[in-house]
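*Asks:* The structure under discussion is supplied below as structure tokens; questions concerning it will follow.
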Amino acid sequence: MNSLTVRMARSSARHPWRAIVGWLVFVALCLAAGSAVGMNSARTADYRVGEAGRAEAMAAEGHLERRSAEQVLISARSGTLGTEAARAAVRDLTTRMERLPEVAEVAAPVRSADGRILMVEVALRGEERDAKDKVDALTAQTTAVQRAHPELLFQETGSPSISKGVDEQRGDDLALSEKITLPVTLLTLLVVFGSLTMAAVPLLLALSSIAAAVGLSMVASHVSPDTGVGTNVILMIGLAVGVDYTLFHLKREREERARSGGRLSSQALVELAAATSGRAVMVSGFAVVASTATLYLASDVVFSSLATGTVVVVLVAMASSLTALPALLTVLGKRAERRAARRAERGRPVRRLRGGSGGSGGSGERGGSRERGEKGESGGRVWAALLRPAARHPLATLGVSVLALLALVVPLAGLHITEMSRDTHSREIPAMRVYDRLNEAFPQHRVTHQVVVRADAARAAEVAEALDALTRLADADPLFTGTPRLRTSADHRVSTLELRVPYLGDSDQAYDSLDHLRHDYLPATVGRIAGAEYGVSGDVARYTDYPAHQNGKLPLVLGALLLVTFLMTLYAFRSVVLGLIGVALNLLSAAAALGLLVLVFQHTWAEGLLDFRSTGSIGSRVPLFLFVILFGLSMDYQVFVVSRIREAVLAGTPTRQAVLDGIRRSASVVTSAAVVMTTVFVSFVFLHIIEMKQIGFVLAAAVLLDAFVVRILILPSAMLLLGERSWWPARPDRGTAEPRAQVPPGRPVVDVR
């Protein structure tokens, strides 16, 4: 036993306090480094994709980019809005806003069609992504004007205030998620270990890993900019894999302790666990990292941010389970041994270890040891009953299970992917309620398309004439409204034309108006100018181009993901057959979970149950994120379960018996890990942001399907049918199992609680 994982565990076990202090220092240094360099947030330019992105880049070149704006609505608290009172309020508001350094321009007031509301639009300076940080200065002035004119009602909305409200709501949601997740996770671990001390170890290590990963992600953001979702994914994935990796290691250490009958020291037990579960953690951890890294191929700043957060937290969780965990187990084990020795000296019975397996776990023992294993770790009879269909009727079990998952895949045929716009945000955000009032009173301000044209300065007159022709076409089209706004850069190379649409951004009419511009009006006007470049930007254009961009990248990312999964499985087990099975099962469970997501979120029947308003679509980021994260997390179960089977085969057990014993002995830890992961993901269903709800739901469904259908029914059925062919082309050499450490007998079995 001289692998890297064993050497790391041995070093930590020999100097436990040094390892524990070293880990705490590492976490502190990560946080300090992150605080020192700060978070590098993505800029507006980082989000540009497709035609909308190219148009925005051209507009920025001519300093004609869209400015973020806030809209202040002024109305009477009762009765009609008086002219003199309104004029005084607008004058006061405009004067105050113009004094702010954050404000670029205050537009003239616009009265609603019914005359009841005045709108004053305030344009902000600087980056679109920074606008939400400037909202407080504007709302302070709006509040001051409200105090000065108590007879009127002042309400503020706009993209910046909505973004700020979404961020605040996300923070509140994450706090709620933690309140749900942490107690349930602790309770699950208490059930698994029957000890508060041992239950606290995985949770504390996971939380410390999350803290270190947050600090490191700040450093990493200077290479791959953060989009505001990095911390979310670190919390979600960090708690899931952090607890899982520690759980795998802890359960194996307790099994070895129970099997040894007290004849092995705490240090030897830690090394044995590192030689088996430690290797599984390493392989599965790197599988998650490799799978997640395929997100970088999407060429999207949001997915890059998600990938960076996941990669960092998984690597840190691996490090904690291979360094700090062995040290903690050694300290707890030695303390328990001293306590047991004192009890023995006083003639009191030694406390027996709970939760360990007396089974062979691949040691080659049979008969009695197998019987003890069945009564130990996995709840024997329960898991024997669950495995009975696969053991007795593998072909029928495989067929029924696969057909059941395929039935869940069927709704996937109706998958409709869209970019979730601001119209989908929760109305619990005050700015969203004002936004609805703005849209109702001023329909001409609902959607704005920005047409951008770049050409040689010598063709400025031709461009102006073409844009004038475009304006006439739009005037004749009922999908457009209002007075277009034309701007030209100082060097006359770039021109922009803003066209308004009186429909909501997620409406069919808004998308139709974009199609008319891109496919009919622009080619017939600006498209006839030699050498001219043009494009349409705006919110609707972004909502259109982003899903198209993702769909274009999906084959590349999915192909790379399948290849990575196959290669990692091949490396772990030297089996082409298992590699192909792993790829097929991951695809099946991911597709089934996605079909279930379509069934729930593209329809209205579950709105009351899950507290959401259906958009009739799935968020554009959800499918790709599901496939990548699930493929990585599924490797946890795959590696852990198949490793147990392979250990038994290496020790001389026939493949059929090794499959049944391996799955039975690993079932409780896989179930516990699945419950922890599901709890983490389900907590995200309680969030208000619809896309986060969908991600939480689909990941929870995928984990449950993978743990209870794939690993309990499909995988054993397939391996039982294949038998020795499961290991093709390499046949495991019998009798080559990892050697076990030997120490003099006579030590009592002790509980490390």
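Within each chain, counting starts at residue 1; across the structure tokens, chains are named A, B, ... in the order shown, with ligands numbered 1 upward in that order.
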Write out as a tab-separated table a residue-level contact list of range 632-688 of chain A versus range 159-181 of chain A with cut-off 8 Å: for each qualifying residue the closest pair of atoms and the distance in Å to one decimal, counting only C-alpha atoms, rows sorted by chain and residue number upward.
*Replies:*
residue	atom	partner	partner_atom	distance
A:Thr679	CA	A:Thr181	CA	6.0
A:Val680	CA	A:Thr181	CA	5.5
A:Ser683	CA	A:Ser177	CA	5.0
A:Phe684	CA	A:Ser177	CA	6.4
A:Phe686	CA	A:Asp173	CA	7.4
A:Leu687	CA	A:Asp173	CA	5.3
A:His688	CA	A:Asp173	CA	7.2
*Asks:* Considering only C-alpha atoms, return as number ranges by chain whatever protein or nucleic-acid residues lie within 12 Å of range 456-471 of chain A, sequence-local ones (same chain, fewer than 5 positions apart) excluded.
*Replies:* A: 62, 450-451, 476-477, 480-500, 516-518, 520-534
*Asks:* Excluding same-chain residues fewer than 6 positions from Glu271 in chain A, what lies within 12 Å of it counting only C-alpha atoms, as an MDAnalysis selection string?
*Replies:* chainID A and resid 1:14 249:250 252:253 256:257 264:265 277:279 322:323 325:327 329:330 738:742
*Asks:* How close does range 399-461 of chain A get to range 502-511 of chain A? List, as a tab-separated table, each residue of range 399-461 of chain A within 7 Å, its nearest atom pair and the distance in Å to one decimal, counting only C-alpha atoms.
*Replies:*
residue	atom	partner	partner_atom	distance
A:Pro443	CA	A:Pro502	CA	4.8
A:Gln444	CA	A:Pro502	CA	4.6
A:His445	CA	A:Pro502	CA	6.8
A:Arg446	CA	A:Leu504	CA	5.6
A:Val447	CA	A:Gly505	CA	5.9
*Asks:* So, with only C-alpha atoms as the atoms that count, which of A:Ala560, A:Asp661, A:Phe573, A:Val710 lies closest to Ala590 in chain A?
*Replies:*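 Closest to Ala590 in chain A, using only C-alpha atoms: A:Val710.
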*Asks:* Show me, as a PyMOL selection string, the residues that have an atom within 10 Å of Val223 in chain A when counting only C-alpha atoms, minus same-chain residues fewer than 6 positions from it.
*Replies:* chain A and resi 40+217+308
*Asks:* I need the residues from that last selection saved to file as an mmCIF file, in the first residue's frame (with N, CA, C and O atoms), if you can.
*Replies:*
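Once written, part-v2.cif looks like this:
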data_model
loop_
_atom_site.group_PDB
_atom_site.id
_atom_site.type_symbol
_atom_site.label_atom_id
_atom_site.label_comp_id
_atom_site.auth_asym_id
_atom_site.auth_seq_id
_atom_site.Cartn_x
_atom_site.Cartn_y
_atom_site.Cartn_z
ATOM 1 N N ASN A 40 -13.153 39.557 -9.589
ATOM 2 C CA ASN A 40 -13.162 40.191 -10.912
ATOM 3 C C ASN A 40 -14.450 39.800 -11.621
ATOM 4 O O ASN A 40 -14.582 38.678 -12.113
ATOM 5 N N SER A 217 -11.790 30.998 -5.654
ATOM 6 C CA SER A 217 -12.558 31.411 -6.834
ATOM 7 C C SER A 217 -12.371 32.902 -7.116
ATOM 8 O O SER A 217 -12.440 33.328 -8.276
ATOM 9 N N THR A 308 -15.540 27.060 -13.428
ATOM 10 C CA THR A 308 -14.462 27.443 -12.512
ATOM 11 C C THR A 308 -14.853 27.186 -11.064
ATOM 12 O O THR A 308 -14.080 26.618 -10.285
#
*Asks:* Contacts of Val192 in chain A at 9 Å or less, counting only C-alpha atoms, minus same-chain residues fewer than 5 places along, as a PyMOL selection string?
*Replies:* chain A and resi 187+199+251+355+668-669+672
*Asks:* DSSP on the backbone: which residues in range 23-140 of chain A end up as strand (DSSP E)? Give the answer as a list in words.
*Replies:*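 Going through range 23-140 of chain A, the strand (DSSP E) residues come out as Ala69, Glu70, Gln71, Val72, Leu73, Ile74, Ser75, Ala76, Val103, Ala104, Glu105, Val106, Val110, Arg111, Ile117, Leu118, Met119, Val120, Glu121, Val122, Ala123 and Leu124 of chain A.
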*Asks:* For the atom pair CA of Leu588 in chain A and CA of Leu405 in chain A, what is the interatomic distance in Å to one decimal place?
*Replies:*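 Calculated distance between CA of Leu588 in chain A and CA of Leu405 in chain A is 7.0 Å.
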*Asks:* Calculate how many Å separate CA of Arg66 in chain A from CA of Tyr546 in chain A, rounding to one decimal.
*Replies:*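 Atom-to-atom, CA of Arg66 in chain A to CA of Tyr546 in chain A, that is 18.4 Å.
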*Asks:* Name the residues in contact with range 54-61 of chain A at a cut-off of 7 Å, using only C-alpha atoms, excluding same-chain residues fewer than 6 positions from it; report them as a list in words.
*Replies:* Val452, Arg454, Val494, Tyr534, Gly535, Val536 and Ser537 of chain A
*Asks:* So, counting only C-alpha atoms, which residue among A:Ala213, A:Ala275, A:Ala407, A:Leu554 is closest to Ser643 in chain A?
*Replies:*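 Between A:Ala213, A:Ala275, A:Ala407, A:Leu554, the residue approaching Ser643 in chain A most closely is A:Ala275.
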*Asks:* Under the rule that only C-alpha atoms are counted, which of A:Val676, A:Leu720, A:Leu31, A:Gly158 is the nearest residue to Pro430 in chain A?
*Replies:* A:Gly158
*Asks:* Need the shell around Leu587 in chain A: protein/DNA/RNA residues with any atom at most 10 Å away, counting only C-alpha atoms. Skip same-chain ones fewer than 5 positions apart. Format as number ranges by chain?
*Replies:* A: 558, 562, 581-582, 592-593, 627, 630-631
*Asks:* Since we have the selection now, will you write its residues out, keeping N, CA, C and O atoms, as an mmCIF file, in the first residue's frame?
*Replies:*
data_model
loop_
_atom_site.group_PDB
_atom_site.id
_atom_site.type_symbol
_atom_site.label_atom_id
_atom_site.label_comp_id
_atom_site.auth_asym_id
_atom_site.auth_seq_id
_atom_site.Cartn_x
_atom_site.Cartn_y
_atom_site.Cartn_z
ATOM 1 N N LEU A 558 -21.164 18.054 -25.564
ATOM 2 C CA LEU A 558 -21.675 16.720 -25.251
ATOM 3 C C LEU A 558 -20.732 15.638 -25.770
ATOM 4 O O LEU A 558 -20.492 14.635 -25.082
ATOM 5 N N LEU A 562 -18.942 12.899 -23.346
ATOM 6 C CA LEU A 562 -19.025 11.451 -23.508
ATOM 7 C C LEU A 562 -17.632 10.834 -23.579
ATOM 8 O O LEU A 562 -17.380 9.778 -22.989
ATOM 9 N N ILE A 581 -20.927 1.176 -20.827
ATOM 10 C CA ILE A 581 -22.112 1.110 -19.961
ATOM 11 C C ILE A 581 -22.276 2.419 -19.198
ATOM 12 O O ILE A 581 -23.386 2.955 -19.081
ATOM 13 N N GLY A 582 -21.172 2.953 -18.669
ATOM 14 C CA GLY A 582 -21.238 4.208 -17.926
ATOM 15 C C GLY A 582 -21.758 5.353 -18.769
ATOM 16 O O GLY A 582 -22.615 6.139 -18.326
ATOM 17 N N ALA A 592 -33.750 11.197 -18.962
ATOM 18 C CA ALA A 592 -34.984 10.951 -18.209
ATOM 19 C C ALA A 592 -35.278 12.108 -17.258
ATOM 20 O O ALA A 592 -36.435 12.549 -17.135
ATOM 21 N N ALA A 593 -34.244 12.607 -16.587
ATOM 22 C CA ALA A 593 -34.436 13.740 -15.668
ATOM 23 C C ALA A 593 -34.872 14.981 -16.435
ATOM 24 O O ALA A 593 -35.736 15.740 -15.976
ATOM 25 N N PHE A 627 -26.334 17.974 -17.989
ATOM 26 C CA PHE A 627 -25.532 16.893 -18.549
ATOM 27 C C PHE A 627 -24.126 16.902 -17.963
ATOM 28 O O PHE A 627 -23.604 15.859 -17.561
ATOM 29 N N LEU A 630 -24.252 16.233 -13.977
ATOM 30 C CA LEU A 630 -24.705 14.878 -13.666
ATOM 31 C C LEU A 630 -23.687 13.836 -14.095
ATOM 32 O O LEU A 630 -23.436 12.872 -13.370
ATOM 33 N N PHE A 631 -23.090 14.008 -15.263
ATOM 34 C CA PHE A 631 -22.080 13.051 -15.701
ATOM 35 C C PHE A 631 -20.938 12.999 -14.690
ATOM 36 O O PHE A 631 -20.402 11.928 -14.394
#
*Asks:* Interatomic distance between CA of Val501 in chain A and CA of Asp136 in chain A?
*Replies:*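 Computing the Euclidean distance for CA of Val501 in chain A and CA of Asp136 in chain A yields 29.5 Å.
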*Asks:* Give the answer as one residue: which of A:Met198, A:Val241, A:Val110, A:Val103 has the shortest atom-to-atom distance to Gly126 in chain A, using only C-alpha atoms?
*Replies:*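 Closest to Gly126 in chain A, using only C-alpha atoms: A:Val103.
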*Asks:* When distances are computed from only C-alpha atoms, which of A:Met635, A:Leu594, A:Ala651, A:Val72 shows the smallest separation from Thr139 in chain A?
*Replies:*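 Comparing A:Met635, A:Leu594, A:Ala651, A:Val72 against Thr139 in chain A, the winner is A:Val72.
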*Asks:* For range 18-75 of chain A against range 292-303 of chain A, with a cut-off of 12 Å and counting only C-alpha atoms, what is the closest atom pair and its distance in Å to one decimal for every residue that makes the cut, ordered by chain and number, as JSON lines?
*Replies:*
{"residue": "A:Ser41", "atom": "CA", "partner": "A:Val301", "partner_atom": "CA", "distance": 10.4}
{"residue": "A:Ala42", "atom": "CA", "partner": "A:Val301", "partner_atom": "CA", "distance": 7.6}
{"residue": "A:Arg43", "atom": "CA", "partner": "A:Val301", "partner_atom": "CA", "distance": 9.7}
{"residue": "A:Thr44", "atom": "CA", "partner": "A:Val301", "partner_atom": "CA", "distance": 10.4}
{"residue": "A:Ala45", "atom": "CA", "partner": "A:Val301", "partner_atom": "CA", "distance": 9.9}
{"residue": "A:Asp46", "atom": "CA", "partner": "A:Val301", "partner_atom": "CA", "distance": 6.2}
{"residue": "A:Tyr47", "atom": "CA", "partner": "A:Val301", "partner_atom": "CA", "distance": 6.2}
{"residue": "A:Arg48", "atom": "CA", "partner": "A:Asp300", "partner_atom": "CA", "distance": 8.7}
{"residue": "A:Val49", "atom": "CA", "partner": "A:Asp300", "partner_atom": "CA", "distance": 8.0}
{"residue": "A:Gly50", "atom": "CA", "partner": "A:Asp300", "partner_atom": "CA", "distance": 11.1}
{"residue": "A:Gly53", "atom": "CA", "partner": "A:Asp300", "partner_atom": "CA", "distance": 11.9}
*Asks:* May I have the selected residues written with C-alpha atoms, as a PDB file, in the first residue's frame?
*Replies:*
ATOM      1  CA  SER A  41     -16.690  40.414 -12.227  1.00  0.00           C
ATOM      2  CA  ALA A  42     -17.534  39.867 -15.875  1.00  0.00           C
ATOM      3  CA  ARG A  43     -17.992  42.986 -17.956  1.00  0.00           C
ATOM      4  CA  THR A  44     -20.721  43.672 -20.476  1.00  0.00           C
ATOM      5  CA  ALA A  45     -18.416  42.712 -23.357  1.00  0.00           C
ATOM      6  CA  ASP A  46     -17.882  39.249 -21.835  1.00  0.00           C
ATOM      7  CA  TYR A  47     -21.532  38.347 -22.405  1.00  0.00           C
ATOM      8  CA  ARG A  48     -21.662  39.166 -26.100  1.00  0.00           C
ATOM      9  CA  VAL A  49     -22.637  36.274 -28.373  1.00  0.00           C
ATOM     10  CA  GLY A  50     -24.189  35.963 -31.803  1.00  0.00           C
ATOM     11  CA  GLY A  53     -23.058  40.604 -29.481  1.00  0.00           C
TER      12      GLY A  53
END
